[in-house]
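Data file: my_file-v7.cif. Format and content: mmCIF, C-alpha atoms.
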data_data
#
loop_
_atom_site.label_atom_id
_atom_site.label_comp_id
_atom_site.auth_asym_id
_atom_site.auth_seq_id
_atom_site.Cartn_x
_atom_site.Cartn_y
_atom_site.Cartn_z
CA MET A 1 -15.18 -98.91 50.48
CA PRO A 2 -11.81 -99.53 48.75
CA LYS A 3 -12.24 -96.31 46.75
CA ARG A 4 -12.47 -94.03 49.82
CA PRO A 5 -8.71 -93.76 50.59
CA SER A 6 -8.01 -92.92 46.97
CA LEU A 7 -10.59 -90.12 47.01
CA MET A 8 -9.15 -88.63 50.18
CA LEU A 9 -5.65 -88.57 48.72
CA THR A 10 -6.92 -86.73 45.65
CA LEU A 11 -8.63 -84.07 47.75
CA LEU A 12 -5.54 -83.57 49.92
CA GLY A 13 -3.35 -83.10 46.81
CA ALA A 14 -5.67 -80.44 45.35
CA ALA A 15 -5.74 -78.54 48.65
CA ALA A 16 -1.93 -78.55 48.75
CA LEU A 17 -1.72 -77.10 45.23
CA LEU A 18 -4.19 -74.34 46.05
CA GLY A 19 -2.33 -73.46 49.22
CA GLY A 20 0.96 -73.23 47.32
CA CYS A 21 -0.54 -70.83 44.82
CA ALA A 22 -1.82 -68.64 47.62
CA TRP A 23 1.75 -68.25 48.97
CA LEU A 24 3.27 -67.05 45.65
CA PRO A 25 4.65 -63.45 45.96
CA SER A 26 2.92 -60.64 44.03
CA GLN A 27 4.57 -59.59 40.70
CA GLN A 28 3.27 -55.92 40.77
CA GLU A 29 5.60 -53.05 39.70
CA PRO A 30 7.05 -50.98 42.58
CA ALA A 31 5.27 -47.65 43.07
CA PRO A 32 7.17 -44.57 41.74
CA PRO A 33 8.67 -42.24 44.36
CA PRO A 34 6.38 -39.38 45.39
CA VAL A 35 6.83 -35.97 43.65
CA THR A 36 8.29 -33.29 45.84
CA SER A 37 6.60 -29.90 46.24
CA ALA A 38 9.45 -28.12 44.38
CA GLU A 39 9.23 -30.53 41.45
CA PHE A 40 5.47 -30.07 41.31
CA GLN A 41 5.83 -26.24 41.25
CA VAL A 42 8.45 -26.38 38.46
CA GLY A 43 6.24 -28.63 36.34
CA LEU A 44 3.24 -26.38 36.95
CA GLN A 45 5.20 -23.24 35.92
CA GLN A 46 6.45 -24.93 32.73
CA LEU A 47 2.89 -25.93 31.81
CA GLU A 48 1.66 -22.38 32.52
CA ARG A 49 4.34 -20.85 30.26
CA ARG A 50 3.45 -23.22 27.40
CA VAL A 51 -0.25 -22.42 27.69
CA MET A 52 0.41 -18.64 27.76
CA ALA A 53 2.70 -18.85 24.69
CA GLN A 54 0.06 -20.79 22.78
CA CYS A 55 -2.61 -18.22 23.76
CA ASP A 56 -0.42 -15.28 22.62
CA ASP A 57 0.32 -16.96 19.29
CA HIS A 58 -3.36 -17.74 18.79
CA SER A 59 -4.35 -14.11 19.54
CA GLU A 60 -1.80 -12.73 17.08
CA ARG A 61 -2.87 -15.12 14.34
CA LEU A 62 -6.52 -14.25 14.98
CA ALA A 63 -5.77 -10.51 14.68
CA GLN A 64 -3.93 -11.08 11.40
CA GLN A 65 -6.80 -13.19 10.08
CA ARG A 66 -9.31 -10.46 10.94
CA GLN A 67 -7.16 -7.82 9.22
CA GLY A 68 -6.87 -10.04 6.14
CA GLN A 69 -10.63 -10.55 6.11
CA ARG A 70 -11.22 -6.77 6.22
CA THR A 71 -8.79 -6.22 3.33
CA LEU A 72 -10.37 -9.05 1.33
CA THR A 73 -13.86 -7.63 1.95
CA ALA A 74 -12.78 -4.22 0.66
CA ASP A 75 -11.24 -5.82 -2.44
CA VAL A 76 -14.38 -7.87 -3.11
CA ARG A 77 -16.57 -4.76 -2.84
CA GLU A 78 -14.33 -2.89 -5.26
CA VAL A 79 -14.43 -5.78 -7.75
CA GLY A 80 -18.21 -5.94 -7.43
CA ARG A 81 -18.51 -2.22 -8.16
CA LEU A 82 -16.28 -2.53 -11.21
CA VAL A 83 -18.30 -5.47 -12.51
CA ARG A 84 -21.53 -3.51 -12.11
CA ASP A 85 -20.05 -0.52 -13.95
CA LEU A 86 -18.82 -2.81 -16.73
CA SER A 87 -22.26 -4.40 -17.07
CA THR A 88 -23.84 -0.94 -17.36
CA ASP A 89 -21.35 0.05 -20.06
CA ILE A 90 -22.03 -3.13 -22.03
CA GLU A 91 -25.79 -2.59 -21.89
CA GLN A 92 -25.36 1.00 -23.09
CA LEU A 93 -23.19 -0.14 -26.01
CA GLU A 94 -25.77 -2.73 -27.01
CA ARG A 95 -28.55 -0.11 -26.99
CA ASP A 96 -26.49 2.31 -29.09
CA SER A 97 -25.62 -0.45 -31.51
CA ARG A 98 -29.27 -1.39 -32.02
CA GLN A 99 -30.29 2.23 -32.54
CA GLN A 100 -27.65 2.92 -35.16
CA ASN A 101 -27.99 -0.52 -36.75
CA THR A 102 -24.23 -0.66 -37.12
CA THR A 103 -21.24 -2.05 -35.31
CA ARG A 104 -19.27 0.53 -33.38
CA VAL A 105 -15.70 -0.19 -32.34
CA VAL A 106 -14.58 1.54 -29.18
CA THR A 107 -10.98 2.64 -29.75
CA GLU A 108 -10.35 4.68 -26.61
CA CYS A 109 -11.64 5.17 -23.11
CA ARG A 110 -14.16 7.83 -22.32
CA ALA A 111 -12.67 11.28 -22.00
CA THR A 112 -14.10 11.61 -18.52
CA ASP A 113 -14.60 8.81 -16.07
CA ASP A 114 -16.42 9.41 -12.81
CA ARG A 115 -14.24 6.79 -11.11
CA LEU A 116 -11.10 8.80 -11.92
CA ALA A 117 -12.47 12.31 -11.54
CA ASN A 118 -11.42 12.75 -7.90
CA LYS A 119 -8.15 10.82 -8.00
CA GLU A 120 -4.67 12.30 -8.25
CA LEU A 121 -2.21 11.09 -10.88
CA LEU A 122 1.14 9.91 -9.44
CA GLY A 123 4.35 8.78 -11.09
CA ARG A 124 6.30 5.71 -10.05
CA THR A 125 8.55 7.99 -7.96
CA GLU A 126 7.39 11.11 -6.08
CA TRP A 127 8.47 13.59 -3.43
CA VAL A 128 6.56 13.33 -0.14
CA GLY A 129 6.57 15.76 2.76
CA LEU A 130 6.55 14.70 6.42
CA PRO A 131 5.61 17.81 8.44
CA ASP A 132 5.79 15.91 11.75
CA ILE A 133 9.48 15.22 11.08
CA GLY A 134 10.19 18.42 9.17
CA THR A 135 11.59 17.03 5.92
CA SER A 136 10.70 15.77 2.47
CA LEU A 137 11.89 12.43 1.06
CA LYS A 138 11.76 10.51 -2.19
CA ALA A 139 9.14 7.76 -2.27
CA ARG A 140 8.60 4.76 -4.47
CA VAL A 141 4.91 4.31 -5.35
CA ASP A 142 4.08 0.59 -5.35
CA SER A 143 0.55 -0.79 -5.56
CA GLY A 144 1.96 -4.29 -4.97
CA ALA A 145 2.82 -3.45 -1.36
CA ASP A 146 0.03 -3.45 1.22
CA THR A 147 1.37 -1.03 3.86
CA SER A 148 3.58 2.02 3.34
CA SER A 149 7.08 1.91 4.81
CA LEU A 150 9.51 4.49 6.24
CA SER A 151 13.25 3.85 6.55
CA ALA A 152 14.32 4.02 10.21
CA ARG A 153 17.29 3.03 12.36
CA ASP A 154 17.92 2.70 16.09
CA ILE A 155 14.28 1.66 16.54
CA THR A 156 13.61 1.59 20.30
CA PRO A 157 10.16 0.71 21.74
CA PHE A 158 9.22 2.24 25.10
CA GLU A 159 6.17 2.91 27.25
CA ARG A 160 4.60 6.33 27.92
CA ASP A 161 1.54 6.80 30.14
CA GLY A 162 0.72 3.10 29.77
CA GLU A 163 0.84 3.25 25.95
CA ASP A 164 3.34 1.66 23.55
CA TRP A 165 5.60 4.21 21.82
CA VAL A 166 8.69 3.98 19.63
CA ARG A 167 11.78 6.18 19.31
CA PHE A 168 13.84 6.14 16.08
CA LYS A 169 16.07 8.07 13.68
CA LEU A 170 15.51 8.36 9.94
CA GLY A 171 17.32 5.60 8.05
CA VAL A 172 18.89 7.72 5.30
CA THR A 173 22.25 7.75 3.55
CA LYS A 174 24.54 10.69 2.79
CA ASP A 175 23.16 10.72 -0.78
CA ASP A 176 19.51 11.08 0.30
CA ALA A 177 17.99 14.56 0.07
CA VAL A 178 16.79 15.28 3.61
CA ALA A 179 16.62 18.27 5.94
CA GLU A 180 19.80 18.37 8.00
CA VAL A 181 17.82 19.10 11.15
CA ALA A 182 16.00 15.76 10.69
CA ARG A 183 18.91 13.63 9.48
CA ASP A 184 20.18 12.52 12.90
CA SER A 185 17.46 13.76 15.25
CA TRP A 186 15.36 11.41 17.38
CA GLN A 187 11.70 11.01 16.44
CA GLU A 188 8.95 9.64 18.71
CA ALA A 189 5.48 8.35 17.87
CA PRO A 190 2.84 6.06 19.41
CA ILE A 191 2.68 2.53 18.00
CA GLU A 192 -0.64 2.02 16.19
CA ARG A 193 -0.18 -1.73 15.68
CA ARG A 194 2.44 -4.31 14.71
CA VAL A 195 2.82 -6.37 11.56
CA ARG A 196 4.60 -9.70 11.28
CA VAL A 197 6.82 -10.00 8.22
CA ILE A 198 8.08 -13.38 6.99
CA GLN A 199 11.22 -13.27 4.82
CA ALA A 200 13.90 -15.70 3.71
CA ALA A 201 16.11 -14.58 6.60
CA GLY A 202 13.37 -15.27 9.14
CA GLU A 203 10.34 -13.71 10.80
CA GLU A 204 10.17 -10.29 12.46
CA SER A 205 7.60 -7.97 14.03
CA ARG A 206 7.62 -4.34 12.84
CA PRO A 207 5.96 -1.37 14.58
CA VAL A 208 3.45 0.74 12.62
CA ILE A 209 3.17 4.49 13.27
CA GLU A 210 0.96 7.20 11.78
CA LEU A 211 2.42 10.41 10.30
CA LEU A 212 0.90 13.34 8.42
CA MET A 213 2.09 13.20 4.78
CA THR A 214 1.79 15.65 1.87
CA LEU A 215 2.10 14.77 -1.81
CA GLY A 216 1.07 17.48 -4.24
CA PRO A 217 -2.48 18.49 -3.21
CA ILE A 218 -2.83 15.37 -1.03
CA ARG A 219 -2.54 15.89 2.74
CA GLU A 220 -3.39 12.69 4.61
CA PRO A 221 -2.39 10.78 7.77
CA VAL A 222 -0.59 7.66 6.58
CA GLN A 223 0.45 4.53 8.48
CA PHE A 224 4.10 3.50 7.99
CA THR A 225 5.93 0.38 9.07
CA LEU A 226 9.38 1.21 10.45
CA THR A 227 12.23 -0.77 8.88
CA ASP A 228 15.77 -0.06 7.71
CA ARG A 229 15.65 0.65 3.95
CA ARG A 230 19.15 2.15 3.58
CA ASP A 231 20.14 -0.62 1.18
CA LEU A 232 17.19 0.32 -1.10
CA ALA A 233 16.90 3.20 -3.56
CA HIS A 234 14.15 5.15 -1.76
CA PRO A 235 13.68 5.77 1.98
CA VAL A 236 9.86 5.76 1.64
CA LEU A 237 7.51 3.27 0.01
CA LEU A 238 3.83 4.10 -0.57
CA GLY A 239 1.54 1.04 -0.63
CA ARG A 240 -1.99 0.45 -1.81
CA ARG A 241 -3.55 1.30 1.58
CA PHE A 242 -2.57 4.91 0.88
CA LEU A 243 -3.38 4.80 -2.85
CA MET A 244 -6.85 3.27 -2.51
CA ASP A 245 -9.63 5.68 -3.57
CA ILE A 246 -7.36 8.76 -3.79
CA ALA A 247 -4.68 8.15 -6.45
CA ILE A 248 -3.74 6.31 -9.65
CA ILE A 249 -0.24 5.52 -10.96
CA ASP A 250 1.34 6.28 -14.34
CA VAL A 251 4.42 4.03 -14.25
CA ALA A 252 5.90 5.81 -17.28
CA ARG A 253 6.31 9.07 -15.34
CA GLU A 254 8.27 10.31 -12.33
CA PHE A 255 7.90 13.36 -10.07
CA VAL A 256 4.51 14.47 -11.39
CA HIS A 257 4.24 16.74 -8.34
CA ASP A 258 6.77 19.26 -7.06
CA GLN A 259 8.92 18.66 -4.01
CA PRO A 260 7.09 19.94 -0.88
CA GLU A 261 8.71 22.98 0.67
CA MET A 262 10.21 22.08 4.03
CA PRO A 263 12.62 24.33 5.99
CA GLY A 264 16.19 23.14 5.59
CA THR A 265 15.54 20.51 2.93
CA GLU A 266 18.26 20.24 0.32
CA ALA A 267 16.90 21.67 -2.95
CA ASP A 268 16.94 19.00 -5.61
CA SER A 269 15.05 19.61 -8.83
CA ALA A 270 12.88 16.71 -9.92
CA ASP A 271 13.74 17.50 -13.56
CA GLY A 272 17.36 16.58 -12.89
CA GLU A 273 16.61 13.17 -11.41
CA GLU A 274 18.10 10.18 -13.13
CA ASP A 275 15.60 7.66 -14.43
CA ALA A 276 15.54 4.56 -12.24
CA THR A 277 16.36 1.57 -14.44
CA SER A 278 15.88 -1.23 -11.96
CA ASP A 279 12.94 -2.08 -9.72
CA GLU A 280 13.43 -1.80 -5.99
CA SER A 281 12.50 -4.61 -3.68
CA SER A 282 9.73 -3.60 -1.27
#
Turn the structure described in the file into structure tokens.
Amino acid sequence: MPKRPSLMLTLLGAAALLGGCAWLPSQQEPAPPPVTSAEFQVGLQQLERRVMAQCDDHSERLAQQRQGQRTLTADVREVGRLVRDLSTDIEQLERDSRQQNTTRVVTECRATDDRLANKELLGRTEWVGLPDIGTSLKARVDSGADTSSLSARDITPFERDGEDWVRFKLGVTKDDAVAEVARDSWQEAPIERRVRVIQAAGEESRPVIELLMTLGPIREPVQFTLTDRRDLAHPVLLGRRFLMDIAIIDVAREFVHDQPEMPGTEADSADGEEDATSDESS
């Protein structure tokens, strides 16, 4: 019996402690203020613009990757063909050597080569004609460049019948031989595609157009990127896309073919041209 009051006091003390804990205020963080409708719309528009920019960049990179894959496939096929031809030549040499029982040293290439039979010989510099523009221009022939290039200024994209077009003037200097009627006249052409060029000064997108071009017996539609080349020696550059399968280059020669006859073009004889002593940047 003496222990009963002590037990009751203990129970009452515990109940008091539990009740005190139950009355402690909550320590939760205050809820943030609700977002207004205007703020929600602004945030949604910003997110939409970021997503669209990422999609456009992804599409452009994908197109460039596909173009690079097509170029690489063509190069691999050409290398494979050359390797097969080389293997055939080696086997033929081995058979001839066994038949003659002697070692034969090949000192020069075959006089005729089927791979070169249908290709035109070009010098490092040639005259090209542009019938669509009505003039002829000097061109640097460069197998190190992928796409051909035409010097242009005042390049102005516009839309015609839902298609992308470009308006421009030839980017030539007073020293360039060019038909006067084409020197300052506006030219227009549909944009075939665009190429992205990365240089030390930054990145730019250049339009690509297609023009009919003549060079000696060659008469082909050629794709040109439009860019200002007035600080370079030649207003036209011919790249390997044009050269592939139709021409070979002799870098020791210039003006193998005559200047195309175009009405109004200043008559400059190729024989009087000074030999270029420095390479031009593409």
Legend entry - Residues within 6 Å of Phe224 (chain A), all atoms listed in the file, excluding chain neighbours under 5 positions, as a ChimeraX atom specification: /A:148-150,208-209
Next, dump the selected residues to file, keeping only C-alpha atoms, as a PDB file, in the coordinates of the input.
ATOM      1  CA  SER A 148       3.580   2.020   3.340  1.00  0.00           C
ATOM      2  CA  SER A 149       7.080   1.910   4.810  1.00  0.00           C
ATOM      3  CA  LEU A 150       9.510   4.490   6.240  1.00  0.00           C
ATOM      4  CA  VAL A 208       3.450   0.740  12.620  1.00  0.00           C
ATOM      5  CA  ILE A 209       3.170   4.490  13.270  1.00  0.00           C
TER       6      ILE A 209
END
Inset, instruction - I would like the residues chosen by the PyMOL selection byres ((chain A and resi 166-168) around 10) on the shown file; could you give them as a count of residues only? - result: 27
Legend entry - Option closest in space to Arg229 (chain A), from A:Val172, A:Ala74, A:Gln46, A:Leu62 [counting only C-alpha atoms]: A:Val172
Please write the residues picked by the PyMOL selection byres ((chain A and resi 221) around 7) on this file as a PDB file with C-alpha atoms, keeping the file's coordinate frame.
ATOM      1  CA  GLU A 210       0.960   7.200  11.780  1.00  0.00           C
ATOM      2  CA  LEU A 211       2.420  10.410  10.300  1.00  0.00           C
ATOM      3  CA  LEU A 212       0.900  13.340   8.420  1.00  0.00           C
ATOM      4  CA  MET A 213       2.090  13.200   4.780  1.00  0.00           C
ATOM      5  CA  GLU A 220      -3.390  12.690   4.610  1.00  0.00           C
ATOM      6  CA  VAL A 222      -0.590   7.660   6.580  1.00  0.00           C
ATOM      7  CA  GLN A 223       0.450   4.530   8.480  1.00  0.00           C
TER       8      GLN A 223
END
Inset, instruction - Have a look at CA of Asn118 (chain A) and CA of Arg241 (chain A) and let me know their distance in Å, one decimal. - result: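 For CA of Asn118 (chain A) relative to CA of Arg241 (chain A), the distance reads 16.8 Å.
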